[in-house]
Structure formats: structure tokens, C-alpha cells
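Participant: Can you keep this structure in mind? I'll have questions shortly.
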Amino acid sequence: ANNYIAQANISKNNSGRLSCEMFMTGGVGSVFNRKSPGGVSAASIGPDNSNWKDSPLLGVLLYNEGKEVETDIKYRLPIRAGLSFAYKLNERFSLGSGVTYTNLRSDMREGSNSHYFTGEQTLHYVGIPLNMRYNIVSWKGLELYVSSGLLAEKCVSGKLKKEYILNNRVEKEETQNLNEKPLQWSVNASAGLQYNITSSIGLYAEPGVSYYFKDGSSLKTIYKDKPFNFNFNLGV
């Protein structure tokens, strides 16, 4: 679940129809952990034992030949920030859009206890949301509403930092620029309860769900291993 961090109400026009907000969601720590048996064998690499020093990955595989190995992936909570605009169509409906930035980070470890490699993957996305909000009821500063929409996010850059460890010693470090830059689509729905302290300040609680579609790339992300997500946002 994603916890709401902050929101700031920037402005509202005189007619009260257009509003602008800044927001940030996410956090630190791993939210999802996946372990599976390692699947690549040394025989599939090709070169003989004498050439493994030219390829630390080959060395890891050769040292682990015949041993039990596993892949461990830890996904960190996505961090998302953005600027959103909402236009009030009438007393019930509002249409919203804007721009978002999302940072996805994950850590991977594959191999045995003393011969393995680790990777830290960082992906940067820029997205455009489109949302529709419906106010069910308003009474003495309280508002009950539902919202649904979609989000299109384009991966604009990505890096993978790797370390190869043999006999518990780092043999090589490298950083790779990821060439795949997929387009990530998702849909979302939420319900919220808001209490307006003043005409421009309110407190709200908003549980919601989202679903992320496959992006057609080979990148490993939390959206692929856990496409259906629940979130609970608290904000001012």
C-alpha cells in the first residue's frame, strides 16, 4: 500500500471551478519481495573455465555449477510526485489531469551464499493522468466522493548498477544504461471522505485500487509482479 505524504493546494480561480494541486506519494523500504530458483546454467554461457575472469558473470555461474542458487528481488515503494489540475464541470462532476513523475527502484541478488551478483535498478517515468470525480453528497463541510481514471507513463531513462562477488569479494562493478523505455498504462478507482476546514483547506482519507497492464518489455518492475495494488491516502 502507498501512504500519502503531502499535498499543497496552489490556487483556485474566482469562479471556484479550476483548482491546482501539488502532491507526493510513496515511501522508503521494500514493499514486495519475490524469490525463485536461479535459472541460468554455466553450460549456456559458452566459454571454458579459463576465460571466466573476462566475464565475472560467467565466473559466478561456474562457481555455482551444481549448487543451489536462487533469485531474490526486492521492490521498493514507488515514489510519485506531480502537479494536477481539476475543472469543476458542475456541482457533481470534476475532470482532472496534469503531469506526474515516478521513481521505481528495485534490488536483485542471484547466486549462492558466497558467489553471486547484485543489481540496483532505477527507472524514471513521466506520466499524464486523466481522472473523473463525482461528489456523492456534501453536508456541513463534509464531502463524500468517488473517482476513477487512467494514467499513461513513459519511461524516460533507466540504469542498472551491478556488482559481481566471488568468494565474498567484489570482482567487478558496472553501470548499464537500460535501452528499453516502455509505455506503462494503468487504471484506478477510489472513494474518499473530505472535511473542509475552510474554503481552501480540507482534510481527507481516500482508499483506492489500481491495476497496471503489461508494458511489453523485459524490465522487471513491481507493476509486473504485483499489477493489482491497494492504496490508502491521507492528506491536507
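In the C-alpha cells, chains take the letters A, B, ... in the order shown, each chain's residues start at 1, and ligands count up from 1 in the order shown.
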Taking 5 positions as the minimum chain separation for residues in the same chain, which residues sit within 9 Å of Gly141 in chain A when counting only C-alpha atoms? Answer as a PDB file with N, CA, C and O atoms, in the first residue's frame.
Facilitator:
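Result file is around_34.pdb:
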```pdb
ATOM      1  N   GLN A 194     -13.933  13.829   2.670  1.00  0.00           N
ATOM      2  CA  GLN A 194     -13.176  15.065   2.904  1.00  0.00           C
ATOM      3  C   GLN A 194     -13.957  15.999   3.820  1.00  0.00           C
ATOM      4  O   GLN A 194     -15.182  16.129   3.708  1.00  0.00           O
ATOM      5  N   TYR A 195     -13.211  16.624   4.731  1.00  0.00           N
ATOM      6  CA  TYR A 195     -13.803  17.634   5.608  1.00  0.00           C
ATOM      7  C   TYR A 195     -13.122  18.966   5.329  1.00  0.00           C
ATOM      8  O   TYR A 195     -11.903  19.108   5.479  1.00  0.00           O
ATOM      9  N   ASN A 196     -13.889  19.959   4.896  1.00  0.00           N
ATOM     10  CA  ASN A 196     -13.356  21.268   4.551  1.00  0.00           C
ATOM     11  C   ASN A 196     -13.321  22.159   5.790  1.00  0.00           C
ATOM     12  O   ASN A 196     -14.361  22.560   6.310  1.00  0.00           O
ATOM     13  N   ILE A 197     -12.100  22.430   6.259  1.00  0.00           N
ATOM     14  CA  ILE A 197     -11.917  23.299   7.422  1.00  0.00           C
ATOM     15  C   ILE A 197     -12.248  24.742   7.057  1.00  0.00           C
ATOM     16  O   ILE A 197     -12.938  25.451   7.785  1.00  0.00           O
ATOM     17  N   THR A 198     -11.733  25.179   5.903  1.00  0.00           N
ATOM     18  CA  THR A 198     -12.056  26.497   5.346  1.00  0.00           C
ATOM     19  C   THR A 198     -12.390  26.292   3.875  1.00  0.00           C
ATOM     20  O   THR A 198     -12.441  25.165   3.380  1.00  0.00           O
ATOM     21  N   GLY A 202      -8.707  21.495   3.462  1.00  0.00           N
ATOM     22  CA  GLY A 202      -9.525  20.348   3.829  1.00  0.00           C
ATOM     23  C   GLY A 202      -8.671  19.168   4.230  1.00  0.00           C
ATOM     24  O   GLY A 202      -7.501  19.058   3.853  1.00  0.00           O
TER      25      GLY A 202
END
```
Participant: Could you give me, as a VMD selection string, the residues within 7 Å of Val236 in chain A, counting only C-alpha atoms and dropping anything in the same chain fewer than 5 positions from it?
Facilitator: chain A and resid 7 201 to 204
Participant: Pick the closest to Lys161 in chain A from A:Asn113, A:Thr175, A:Ser210, A:Thr100: which is it, counting only C-alpha atoms?
Facilitator: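 Result for the nearest residue to Lys161 in chain A: A:Thr175.
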Participant: Nearest to Lys162 in chain A among A:Thr118, A:Ser199, A:Ser138, A:Ser218, with distances taken over only C-alpha atoms: which residue is it?
Facilitator: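 Of the candidates, the smallest distance to Lys162 in chain A is held by A:Thr118.
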Participant: Looking at only C-alpha atoms, which of A:Asn177, A:Ser106, A:Asn231, A:Ser147 is the one that sits closest to Gly119 in chain A?
Facilitator: A:Ser106
Participant: In terms of the shortest atom-to-atom distance over only C-alpha atoms, which of A:Ile73, A:Leu193, A:Val146, A:Leu18 is closest to Leu89 in chain A?
Facilitator: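 Comparing A:Ile73, A:Leu193, A:Val146, A:Leu18 against Leu89 in chain A, the winner is A:Leu18.
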Participant: Which of range 77-118 of chain A counts as strand (DSSP E or B) under DSSP, as a PyMOL selection string please?
Facilitator: chain A and resi 79-88+93-111+116-118
Participant: Between A:Gly158, A:Gly98, A:Gly127, A:Pro182, single out the one closest to Ser217 in chain A, counting only C-alpha atoms.
Facilitator: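 Of A:Gly158, A:Gly98, A:Gly127, A:Pro182, the one nearest Ser217 in chain A is A:Pro182, counting only C-alpha atoms.
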Participant: When you draw a straight line from CA of Lys88 in chain A to CA of Ser190 in chain A, how long is it in Å?
Facilitator: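 Value for the CA of Lys88 in chain A-CA of Ser190 in chain A distance: 18.0 Å.
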Participant: For Tyr116 in chain A, which of A:Val170, A:Leu234, A:Val209, A:Met24 is the closest residue, counting only C-alpha atoms?
Facilitator: A:Val170
Participant: What lies within 10 Å of Gly208 in chain A using only C-alpha atoms, ignoring chain neighbours under 3 positions off, as a ChimeraX atom specification?
Facilitator: /A:1-2,146-148,188-192,229-233
Participant: Give me, as a ChimeraX atom specification, all polymer residues having an atom no more than 12 Å from Glu163 in chain A, counting only C-alpha atoms and skipping those fewer than 6 positions away in the same chain.
Facilitator: /A:56-57,60,107-110,115-120,169-176
Participant: Please produce a file of those selected residues containing N, CA and C atoms, as a compact mmCIF listing (two decimals), in the first residue's frame.
Facilitator:
```txt
# COMPACT_ATOMS: atom_id res chain seq x y z
N PRO A 56 32.90 -11.75 -15.19
CA PRO A 56 32.55 -12.09 -13.81
C PRO A 56 31.24 -12.86 -13.70
N LEU A 57 30.27 -12.56 -14.57
CA LEU A 57 29.02 -13.31 -14.55
C LEU A 57 29.27 -14.77 -14.85
N VAL A 60 30.69 -16.39 -11.75
CA VAL A 60 29.66 -16.68 -10.76
C VAL A 60 28.93 -17.97 -11.12
N ASP A 107 15.99 -4.00 -6.06
CA ASP A 107 17.28 -4.63 -5.79
C ASP A 107 17.17 -6.11 -6.11
N MET A 108 18.20 -6.65 -6.78
CA MET A 108 18.20 -8.05 -7.17
C MET A 108 19.48 -8.72 -6.71
N ARG A 109 19.36 -9.97 -6.28
CA ARG A 109 20.51 -10.79 -5.93
C ARG A 109 20.31 -12.18 -6.50
N GLU A 110 21.31 -12.69 -7.22
CA GLU A 110 21.20 -14.02 -7.80
C GLU A 110 22.50 -14.78 -7.60
N HIS A 115 28.99 -16.80 -3.87
CA HIS A 115 29.23 -16.46 -5.27
C HIS A 115 27.92 -15.95 -5.87
N TYR A 116 27.83 -14.67 -6.15
CA TYR A 116 26.57 -14.10 -6.59
C TYR A 116 26.80 -12.74 -7.25
N PHE A 117 25.76 -12.22 -7.84
CA PHE A 117 25.82 -10.83 -8.32
C PHE A 117 24.58 -10.10 -7.83
N THR A 118 24.74 -8.80 -7.62
CA THR A 118 23.64 -7.95 -7.16
C THR A 118 23.39 -6.85 -8.19
N GLY A 119 22.17 -6.36 -8.22
CA GLY A 119 21.83 -5.29 -9.14
C GLY A 119 20.86 -4.31 -8.48
N GLU A 120 21.06 -3.04 -8.75
CA GLU A 120 20.14 -1.99 -8.29
C GLU A 120 19.60 -1.29 -9.53
N ARG A 169 34.05 -11.64 -2.35
CA ARG A 169 34.88 -10.49 -2.70
C ARG A 169 34.37 -9.88 -4.00
N VAL A 170 34.26 -8.55 -4.03
CA VAL A 170 33.77 -7.87 -5.23
C VAL A 170 34.82 -7.94 -6.33
N GLU A 171 34.45 -8.58 -7.46
CA GLU A 171 35.36 -8.72 -8.58
C GLU A 171 35.19 -7.61 -9.61
N LYS A 172 33.96 -7.10 -9.74
CA LYS A 172 33.72 -6.09 -10.77
C LYS A 172 32.47 -5.31 -10.43
N GLU A 173 32.48 -4.01 -10.76
CA GLU A 173 31.30 -3.16 -10.66
C GLU A 173 31.07 -2.51 -12.02
N GLU A 174 29.80 -2.40 -12.39
CA GLU A 174 29.49 -1.76 -13.67
C GLU A 174 28.10 -1.14 -13.61
N THR A 175 27.87 -0.13 -14.46
CA THR A 175 26.58 0.53 -14.57
C THR A 175 26.13 0.48 -16.02
N GLN A 176 24.93 -0.02 -16.23
CA GLN A 176 24.38 -0.15 -17.57
C GLN A 176 23.21 0.82 -17.76
```
Participant: I'd like the contact shell of Lys154 in chain A - 9 Å cut-off, only C-alpha atoms, skipping same-chain residues fewer than 2 positions apart - returned as a PyMOL selection string.
Facilitator: chain A and resi 124-128+152+156+181-185
Participant: Would you mind reading off the distance between CA of Arg133 in chain A and CA of Phe93 in chain A, one decimal, in Å?
Facilitator: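 That distance, rounded to one decimal, is 5.6 Å.
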